[in-house]
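Peer 1: Got a structure for you, written out below as structure tokens; questions coming shortly.
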Amino acid sequence: MEGSRPTPRARPWEAALAFALLSAFLVQAVASMAVHTATSDETSHLPSGYTYVRTGTIRLNPQHPPLVKLLAGIAILPLGPRLDLSHPSWTSEPPNEWAFGHAFLYSNDADRLLALGRLPVVLLSVLLGTFVWRWARELLGGIAGLAALALFAFCPAVIAHGHLVTMDVPLAAFTTMAVYALRAWLLCGGGRRLLLAGAALGLVLATKFSGLVILAVEVGIVGLAALLSPRGPGPKGDGGRFPSPLAPAEPAARLRAAVAGCAALVGTAFAVVWAAYLFPMEALFYWKGML
């Protein structure tokens, strides 16, 4: 099947150009990060993430899943910023995340907090660029991979959002990883590939509630693969306990593979989301956040 053949390793000059393009993006992101003050969303996101890390509770900014905020909060831990949990904006019901965030940022060194707190998003942006290069290269060859990476590295939208403690670029990064991993499982089968696809999907769902669209799309893709794929040569390997629904088999066997694959995909994703929410005991914790 097309796409199941291993892609040759990048030639030295390809790897060097890819590194140069990713470095160019990184320089632009860090330079922008150094001169931009806190955006409105960051006034809530960064302090909220720090409270998650310090208190173990998702009290502030429940309208977004916690993953990106958690990463930002972990990043500023070495600074040991002062956290005033007696502030009225924290103790009130409901808490005022904006007032608390403003008080937290500007009772500490806001510039240093932003510099460290934004680094996880910058690194996720670089990871997104790496997947753009790798996937385009696998599909269309080395020149296409570099062209795609060049478009990414100098894209104004990615540069503008790729250094802020917001969910947009992380969502793009995790979505790209999730679909890439799902494609790998569909082409080759195997429990490890399916586990990686489920974990990446969990990162999507733990980043933004609109990631539920990706869940629906991936489940639909697996179902369609089982129902519409023609008989004939399928993915390499038998896939072990989790064969791809594209594998040569009777329709009933393909359907069973699709059901088992979707169950493992969703189950793994839920485990990642549960961990990102710091293992809550409330059954409807994700739905509550959406509401």
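Letters for chains follow the order of the structure tokens (A, B, ...), residue numbers begin at 1 for each chain, and ligand numbers begin at 1 in the order shown.
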Excluding same-chain residues fewer than 4 positions from segment 36-52 of chain A, what lies within 10 Å of it counting only C-alpha atoms, as a CSV table (one decimal) with N, CA, C and O atoms, in the first residue's frame?
Peer 2:
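Result saved to selection25.csv:
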chain,number,residue,atom,x,y,z
A,31,ALA,N,12.5,36.1,20.0
A,31,ALA,CA,12.6,37.5,19.9
A,31,ALA,C,11.3,38.2,20.1
A,31,ALA,O,11.2,39.2,20.8
A,32,SER,N,10.2,37.6,19.6
A,32,SER,CA,8.9,38.2,19.8
A,32,SER,C,8.5,38.0,21.3
A,32,SER,O,7.9,38.9,21.9
A,56,GLY,N,-2.8,21.6,43.3
A,56,GLY,CA,-3.4,20.3,42.8
A,56,GLY,C,-4.9,20.4,42.5
A,56,GLY,O,-5.5,19.3,42.4
A,57,THR,N,-5.4,21.6,42.3
A,57,THR,CA,-6.8,21.7,42.0
A,57,THR,C,-7.0,22.6,40.8
A,57,THR,O,-6.2,23.5,40.6
A,58,ILE,N,-8.0,22.3,40.0
A,58,ILE,CA,-8.4,23.1,38.8
A,58,ILE,C,-9.5,24.1,39.2
A,58,ILE,O,-10.7,23.8,38.9
A,59,ARG,N,-9.1,25.1,39.8
A,59,ARG,CA,-10.1,26.1,40.3
A,59,ARG,C,-10.3,27.3,39.4
A,59,ARG,O,-11.4,27.7,39.2
A,60,LEU,N,-9.2,27.8,38.8
A,60,LEU,CA,-9.3,28.9,37.9
A,60,LEU,C,-9.3,28.5,36.5
A,60,LEU,O,-8.8,27.5,36.1
A,61,ASN,N,-10.0,29.3,35.6
A,61,ASN,CA,-10.0,29.1,34.2
A,61,ASN,C,-10.5,27.7,33.8
A,61,ASN,O,-9.9,27.0,33.0
A,62,PRO,N,-11.7,27.3,34.3
A,62,PRO,CA,-12.1,25.9,34.0
A,62,PRO,C,-12.7,25.8,32.5
A,62,PRO,O,-13.0,24.7,32.1
A,64,HIS,N,-11.2,26.2,29.9
A,64,HIS,CA,-10.2,25.6,29.0
A,64,HIS,C,-9.6,24.4,29.7
A,64,HIS,O,-9.4,24.5,30.9
A,66,PRO,N,-6.7,21.9,31.1
A,66,PRO,CA,-5.5,22.5,31.8
A,66,PRO,C,-4.1,22.2,31.2
A,66,PRO,O,-3.2,22.8,31.7
A,67,LEU,N,-4.0,21.4,30.2
A,67,LEU,CA,-2.6,20.9,29.8
A,67,LEU,C,-1.6,22.0,29.6
A,67,LEU,O,-0.5,22.1,30.2
A,68,VAL,N,-2.0,23.0,28.7
A,68,VAL,CA,-1.0,24.0,28.3
A,68,VAL,C,-0.7,24.9,29.6
A,68,VAL,O,0.5,25.3,29.8
A,69,LYS,N,-1.7,25.2,30.3
A,69,LYS,CA,-1.5,26.0,31.6
A,69,LYS,C,-0.6,25.2,32.6
A,69,LYS,O,0.2,25.8,33.2
A,70,LEU,N,-0.8,23.9,32.7
A,70,LEU,CA,0.0,23.1,33.5
A,70,LEU,C,1.5,23.2,33.1
A,70,LEU,O,2.4,23.4,34.0
A,71,LEU,N,1.7,23.1,31.8
A,71,LEU,CA,3.1,23.1,31.3
A,71,LEU,C,3.7,24.5,31.6
A,71,LEU,O,4.9,24.5,32.0
A,72,ALA,N,3.0,25.5,31.4
A,72,ALA,CA,3.5,26.9,31.8
A,72,ALA,C,3.8,27.0,33.2
A,72,ALA,O,4.7,27.6,33.7
A,73,GLY,N,2.8,26.5,34.1
A,73,GLY,CA,3.0,26.6,35.5
A,73,GLY,C,4.3,25.8,36.0
A,73,GLY,O,5.0,26.3,36.9
A,74,ILE,N,4.5,24.6,35.4
A,74,ILE,CA,5.7,23.9,35.7
A,74,ILE,C,6.9,24.7,35.4
A,74,ILE,O,8.0,24.7,36.1
A,75,ALA,N,6.9,25.3,34.2
A,75,ALA,CA,8.1,26.0,33.7
A,75,ALA,C,8.5,27.2,34.6
A,75,ALA,O,9.7,27.5,34.7
A,76,ILE,N,7.5,27.8,35.3
A,76,ILE,CA,7.9,28.9,36.2
A,76,ILE,C,8.2,28.5,37.7
A,76,ILE,O,8.5,29.3,38.5
A,77,LEU,N,8.1,27.2,37.9
A,77,LEU,CA,8.4,26.7,39.3
A,77,LEU,C,9.7,27.1,39.8
A,77,LEU,O,9.9,27.5,41.0
A,81,PRO,N,7.7,31.9,42.4
A,81,PRO,CA,6.9,33.2,42.6
A,81,PRO,C,6.0,33.1,43.8
A,81,PRO,O,5.5,32.0,44.2
A,83,LEU,N,2.7,33.2,45.8
A,83,LEU,CA,1.3,32.8,45.5
A,83,LEU,C,0.4,33.2,46.7
A,83,LEU,O,0.5,32.5,47.8
A,84,ASP,N,-0.4,34.2,46.6
A,84,ASP,CA,-1.3,34.6,47.7
A,84,ASP,C,-2.7,34.0,47.6
A,84,ASP,O,-3.5,34.5,46.9
A,85,LEU,N,-2.9,32.9,48.3
A,85,LEU,CA,-4.2,32.2,48.3
A,85,LEU,C,-5.2,32.8,49.3
A,85,LEU,O,-6.3,32.3,49.4
A,96,ASN,N,-12.3,35.0,40.9
A,96,ASN,CA,-12.1,35.9,39.8
A,96,ASN,C,-10.7,35.7,39.2
A,96,ASN,O,-9.7,36.2,39.7
A,97,GLU,N,-10.6,34.9,38.1
A,97,GLU,CA,-9.4,34.5,37.6
A,97,GLU,C,-8.6,35.7,37.0
A,97,GLU,O,-7.3,35.7,37.1
A,98,TRP,N,-9.2,36.7,36.5
A,98,TRP,CA,-8.6,37.8,35.9
A,98,TRP,C,-7.9,38.7,36.9
A,98,TRP,O,-6.8,39.1,36.8
A,99,ALA,N,-8.7,39.0,38.0
A,99,ALA,CA,-8.1,39.8,39.1
A,99,ALA,C,-7.0,39.1,39.8
A,99,ALA,O,-6.0,39.6,40.1
A,100,PHE,N,-7.2,37.8,40.0
A,100,PHE,CA,-6.1,37.0,40.7
A,100,PHE,C,-4.9,36.9,39.8
A,100,PHE,O,-3.8,37.1,40.3
A,101,GLY,N,-5.1,36.7,38.5
A,101,GLY,CA,-3.9,36.7,37.6
A,101,GLY,C,-3.2,37.9,37.5
A,101,GLY,O,-1.9,37.9,37.5
A,102,HIS,N,-3.9,39.1,37.5
A,102,HIS,CA,-3.2,40.4,37.5
A,102,HIS,C,-2.4,40.6,38.7
A,102,HIS,O,-1.2,41.0,38.7
A,103,ALA,N,-3.0,40.2,39.9
A,103,ALA,CA,-2.3,40.4,41.2
A,103,ALA,C,-1.1,39.5,41.2
A,103,ALA,O,0.0,39.9,41.7
A,104,PHE,N,-1.2,38.3,40.7
A,104,PHE,CA,-0.1,37.3,40.8
A,104,PHE,C,1.0,37.8,39.9
A,104,PHE,O,2.2,37.9,40.4
A,105,LEU,N,0.7,38.2,38.7
A,105,LEU,CA,1.8,38.5,37.8
A,105,LEU,C,2.6,39.7,38.3
A,105,LEU,O,3.8,39.8,38.3
A,106,TYR,N,1.9,40.8,38.7
A,106,TYR,CA,2.5,42.0,39.0
A,106,TYR,C,2.9,42.3,40.4
A,106,TYR,O,3.4,43.3,40.8
A,110,ALA,N,6.9,40.0,36.5
A,110,ALA,CA,6.1,39.5,35.4
A,110,ALA,C,6.9,39.2,34.1
A,110,ALA,O,6.6,38.2,33.4
A,111,ASP,N,8.0,40.0,33.9
A,111,ASP,CA,8.8,39.7,32.7
A,111,ASP,C,9.5,38.3,32.8
A,111,ASP,O,9.5,37.6,31.8
A,113,LEU,N,8.5,35.8,34.6
A,113,LEU,CA,7.4,34.7,34.6
A,113,LEU,C,7.0,34.5,33.2
A,113,LEU,O,6.8,33.3,32.8
A,114,LEU,N,6.8,35.5,32.4
A,114,LEU,CA,6.4,35.3,31.0
A,114,LEU,C,7.4,34.7,30.2
A,114,LEU,O,7.1,33.8,29.3
A,115,ALA,N,8.7,35.0,30.4
A,115,ALA,CA,9.8,34.5,29.6
A,115,ALA,C,9.9,33.0,29.8
A,115,ALA,O,10.0,32.2,28.8
A,117,GLY,N,7.4,31.0,31.3
A,117,GLY,CA,6.1,30.4,31.1
A,117,GLY,C,5.8,30.2,29.6
A,117,GLY,O,5.0,29.2,29.3
A,118,ARG,N,6.3,31.0,28.8
A,118,ARG,CA,6.1,30.8,27.3
A,118,ARG,C,6.9,29.8,26.7
A,118,ARG,O,6.6,29.4,25.6
A,163,HIS,N,4.5,31.8,20.6
A,163,HIS,CA,5.2,32.1,21.8
A,163,HIS,C,4.4,32.6,22.9
A,163,HIS,O,4.9,33.2,23.9
A,164,LEU,N,3.1,32.4,22.9
A,164,LEU,CA,2.1,32.9,23.9
A,164,LEU,C,1.5,31.7,24.7
A,164,LEU,O,1.4,30.6,24.1
A,165,VAL,N,1.2,31.9,25.9
A,165,VAL,CA,0.6,30.9,26.8
A,165,VAL,C,-0.9,30.9,26.4
A,165,VAL,O,-1.8,31.3,27.2
A,166,THR,N,-1.2,30.4,25.2
A,166,THR,CA,-2.5,30.2,24.7
A,166,THR,C,-2.6,28.8,24.1
A,166,THR,O,-1.6,28.1,24.0
A,167,MET,N,-3.8,28.4,23.7
A,167,MET,CA,-4.0,27.0,23.3
A,167,MET,C,-3.9,26.7,21.8
A,167,MET,O,-3.9,25.6,21.4
A,277,TYR,N,-6.0,16.5,34.1
A,277,TYR,CA,-6.9,17.1,35.1
A,277,TYR,C,-6.5,16.8,36.5
A,277,TYR,O,-7.3,17.0,37.5
A,278,LEU,N,-5.4,16.1,36.7
A,278,LEU,CA,-4.8,15.7,38.0
A,278,LEU,C,-5.7,14.7,38.7
A,278,LEU,O,-6.0,14.8,40.0
Peer 1: So that I can see what lies close to segment 168-174 of chain A, please list as a PyMOL selection string the residues with an atom at most 12 Å from it, counting only C-alpha atoms and leaving out residues fewer than 6 positions away in the same chain.
Peer 2: chain A and resi 41+64-65+67-69+71-72+118-132+152+157-162+180-181+196-214
Peer 1: Under the rule that only C-alpha atoms are counted, which of A:Ala15, A:Leu182, A:Leu79, A:Leu284 is the nearest residue to Arg137 of chain A?
Peer 2: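 Looking at the shortest contact to Arg137 of chain A, the residue is A:Ala15.
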Peer 1: Based on the backbone DSSP call, show me all residues of segment 200-268 of chain A assigned alpha helix (DSSP H), as a PyMOL selection string.
Peer 2: chain A and resi 200-205+212-228+251-268
Peer 1: If we count only C-alpha atoms and set the cut-off at 7 Å, which residues sit around Phe242 of chain A, ignoring sequence neighbours fewer than 3 positions away in its own chain? Please answer as a list in words.
Peer 2: Gly189, Gly190, Gly191, Gly239, Ala257 and Gly261 of chain A
Peer 1: Could you tell me how far atom CA of Ala20 of chain A lies from atom CA of Leu146 of chain A, in Å and to one decimal?
Peer 2: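 Calculated distance between atom CA of Ala20 of chain A and atom CA of Leu146 of chain A is 10.5 Å.
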Peer 1: If I take atom CA of Thr268 of chain A and atom CA of Trp185 of chain A, how far is one from the other in Å, to one decimal?
Peer 2: 14.3 Å
Peer 1: Go through A:Pro156, A:Thr91, A:Leu215, A:Pro8 one by one, measure the shortest atom-to-atom distance of each to Leu139 of chain A using only C-alpha atoms, and give the residue with the smallest value.
Peer 2: A:Pro8
Peer 1: Go through A:Ala178, A:Trp13, A:Ala18, A:Met281 one by one, measure the shortest atom-to-atom distance of each to Ala148 of chain A using only C-alpha atoms, and give the residue with the smallest value.
Peer 2: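 So, comparing all the options, the nearest one is A:Ala18.
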Peer 1: How far is it from atom CA of Val222 of chain A to atom CA of Leu186 of chain A, in Å with one decimal?
Peer 2: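 Taking atom CA of Val222 of chain A and atom CA of Leu186 of chain A, their separation equals 7.9 Å.
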Peer 1: Restricting the calculation to only C-alpha atoms: of A:Leu116, A:Leu21, A:Ala276, A:Val259, which residue gets closest to Gly145 of chain A?
Peer 2: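 Looking at the shortest contact to Gly145 of chain A, the residue is A:Leu21.
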Peer 1: Measuring between only C-alpha atoms, which one of A:Ala150, A:Leu265, A:Leu246, A:Ile143 shows the shortest distance to Glu218 of chain A?
Peer 2: A:Leu265
Peer 1: For Ala225 of chain A, list every protein, DNA or RNA residue within 10 Å, evaluated using only C-alpha atoms, and leave out those in the same chain fewer than 3 positions away; present the list as a PyMOL selection string.
Peer 2: chain A and resi 186+219-222+228-230+244-247+254-255+258
Peer 1: Take the residues that were just selected and, keeping all heavy atoms, output them as a JSON list (two decimals), in the first residue's frame.
Peer 2:
[["chain", "number", "residue", "atom", "x", "y", "z"],
["A", 186, "LEU", "N", -3.14, 2.96, 10.91],
["A", 186, "LEU", "CA", -3.96, 2.47, 9.81],
["A", 186, "LEU", "C", -3.10, 1.81, 8.73],
["A", 186, "LEU", "O", -3.51, 0.83, 8.10],
["A", 186, "LEU", "CB", -4.77, 3.62, 9.21],
["A", 186, "LEU", "CG", -5.94, 4.12, 10.06],
["A", 186, "LEU", "CD1", -6.55, 5.37, 9.43],
["A", 186, "LEU", "CD2", -7.01, 3.04, 10.22],
["A", 219, "VAL", "N", -12.52, 8.79, 14.92],
["A", 219, "VAL", "CA", -13.40, 7.62, 15.01],
["A", 219, "VAL", "C", -14.09, 7.38, 13.67],
["A", 219, "VAL", "O", -14.23, 6.24, 13.21],
["A", 219, "VAL", "CB", -14.44, 7.82, 16.14],
["A", 219, "VAL", "CG1", -15.50, 6.74, 16.09],
["A", 219, "VAL", "CG2", -13.74, 7.80, 17.50],
["A", 220, "GLY", "N", -14.51, 8.47, 13.02],
["A", 220, "GLY", "CA", -15.12, 8.33, 11.70],
["A", 220, "GLY", "C", -14.18, 7.76, 10.67],
["A", 220, "GLY", "O", -14.56, 6.92, 9.84],
["A", 221, "ILE", "N", -12.92, 8.18, 10.71],
["A", 221, "ILE", "CA", -11.93, 7.67, 9.76],
["A", 221, "ILE", "C", -11.74, 6.17, 9.95],
["A", 221, "ILE", "O", -11.68, 5.39, 8.98],
["A", 221, "ILE", "CB", -10.60, 8.42, 9.93],
["A", 221, "ILE", "CG1", -10.71, 9.84, 9.37],
["A", 221, "ILE", "CG2", -9.47, 7.67, 9.23],
["A", 221, "ILE", "CD1", -9.51, 10.70, 9.65],
["A", 222, "VAL", "N", -11.63, 5.74, 11.21],
["A", 222, "VAL", "CA", -11.44, 4.30, 11.47],
["A", 222, "VAL", "C", -12.65, 3.51, 10.97],
["A", 222, "VAL", "O", -12.51, 2.44, 10.36],
["A", 222, "VAL", "CB", -11.19, 4.07, 12.97],
["A", 222, "VAL", "CG1", -11.14, 2.57, 13.28],
["A", 222, "VAL", "CG2", -9.88, 4.73, 13.40],
["A", 228, "LEU", "N", -15.24, 0.88, 3.87],
["A", 228, "LEU", "CA", -15.08, 1.26, 2.48],
["A", 228, "LEU", "C", -13.81, 0.76, 1.82],
["A", 228, "LEU", "O", -13.67, 0.86, 0.60],
["A", 228, "LEU", "CB", -15.14, 2.79, 2.34],
["A", 228, "LEU", "CG", -16.42, 3.45, 2.86],
["A", 228, "LEU", "CD1", -16.34, 4.96, 2.67],
["A", 228, "LEU", "CD2", -17.66, 2.89, 2.17],
["A", 229, "SER", "N", -12.85, 0.27, 2.59],
["A", 229, "SER", "CA", -11.58, -0.14, 2.00],
["A", 229, "SER", "C", -11.79, -1.35, 1.11],
["A", 229, "SER", "O", -12.44, -2.32, 1.51],
["A", 229, "SER", "CB", -10.56, -0.47, 3.09],
["A", 229, "SER", "OG", -10.24, 0.69, 3.81],
["A", 230, "PRO", "N", -11.24, -1.33, -0.10],
["A", 230, "PRO", "CA", -11.37, -2.48, -0.98],
["A", 230, "PRO", "C", -10.51, -3.64, -0.51],
["A", 230, "PRO", "O", -9.54, -3.46, 0.21],
["A", 230, "PRO", "CB", -10.88, -1.95, -2.33],
["A", 230, "PRO", "CG", -9.92, -0.87, -1.96],
["A", 230, "PRO", "CD", -10.47, -0.24, -0.70],
["A", 244, "SER", "N", -4.92, -3.24, 11.82],
["A", 244, "SER", "CA", -5.62, -2.14, 11.19],
["A", 244, "SER", "C", -6.87, -2.64, 10.49],
["A", 244, "SER", "O", -6.90, -3.74, 9.95],
["A", 244, "SER", "CB", -4.69, -1.48, 10.16],
["A", 244, "SER", "OG", -5.44, -0.62, 9.30],
["A", 245, "PRO", "N", -7.96, -1.84, 10.51],
["A", 245, "PRO", "CA", -9.14, -2.23, 9.73],
["A", 245, "PRO", "C", -8.89, -2.23, 8.23],
["A", 245, "PRO", "O", -9.75, -2.67, 7.47],
["A", 245, "PRO", "CB", -10.18, -1.17, 10.12],
["A", 245, "PRO", "CG", -9.40, -0.01, 10.63],
["A", 245, "PRO", "CD", -8.17, -0.61, 11.26],
["A", 246, "LEU", "N", -7.74, -1.74, 7.79],
["A", 246, "LEU", "CA", -7.37, -1.81, 6.37],
["A", 246, "LEU", "C", -6.73, -3.15, 6.00],
["A", 246, "LEU", "O", -6.50, -3.41, 4.83],
["A", 246, "LEU", "CB", -6.38, -0.69, 6.03],
["A", 246, "LEU", "CG", -6.89, 0.75, 6.11],
["A", 246, "LEU", "CD1", -5.75, 1.72, 5.83],
["A", 246, "LEU", "CD2", -8.03, 0.97, 5.14],
["A", 247, "ALA", "N", -6.44, -3.99, 7.00],
["A", 247, "ALA", "CA", -5.76, -5.25, 6.72],
["A", 247, "ALA", "C", -6.67, -6.18, 5.93],
["A", 247, "ALA", "O", -7.89, -6.16, 6.10],
["A", 247, "ALA", "CB", -5.35, -5.92, 8.03],
["A", 254, "ARG", "N", -12.74, -6.89, 9.77],
["A", 254, "ARG", "CA", -12.34, -5.48, 9.68],
["A", 254, "ARG", "C", -13.15, -4.63, 10.64],
["A", 254, "ARG", "O", -12.64, -3.70, 11.27],
["A", 254, "ARG", "CB", -12.51, -4.98, 8.25],
["A", 254, "ARG", "CG", -11.49, -5.53, 7.28],
["A", 254, "ARG", "CD", -11.57, -4.83, 5.93],
["A", 254, "ARG", "NE", -10.50, -5.27, 5.05],
["A", 254, "ARG", "CZ", -10.20, -4.68, 3.91],
["A", 254, "ARG", "NH1", -10.88, -3.63, 3.52],
["A", 254, "ARG", "NH2", -9.20, -5.13, 3.16],
["A", 255, "LEU", "N", -14.46, -4.95, 10.73],
["A", 255, "LEU", "CA", -15.31, -4.18, 11.64],
["A", 255, "LEU", "C", -14.89, -4.41, 13.08],
["A", 255, "LEU", "O", -14.85, -3.47, 13.88],
["A", 255, "LEU", "CB", -16.77, -4.58, 11.43],
["A", 255, "LEU", "CG", -17.81, -3.75, 12.20],
["A", 255, "LEU", "CD1", -17.70, -2.28, 11.83],
["A", 255, "LEU", "CD2", -19.21, -4.28, 11.94],
["A", 258, "ALA", "N", -11.89, -2.37, 13.74],
["A", 258, "ALA", "CA", -12.21, -0.96, 13.89],
["A", 258, "ALA", "C", -12.80, -0.67, 15.27],
["A", 258, "ALA", "O", -12.44, 0.33, 15.91],
["A", 258, "ALA", "CB", -13.20, -0.53, 12.80]]
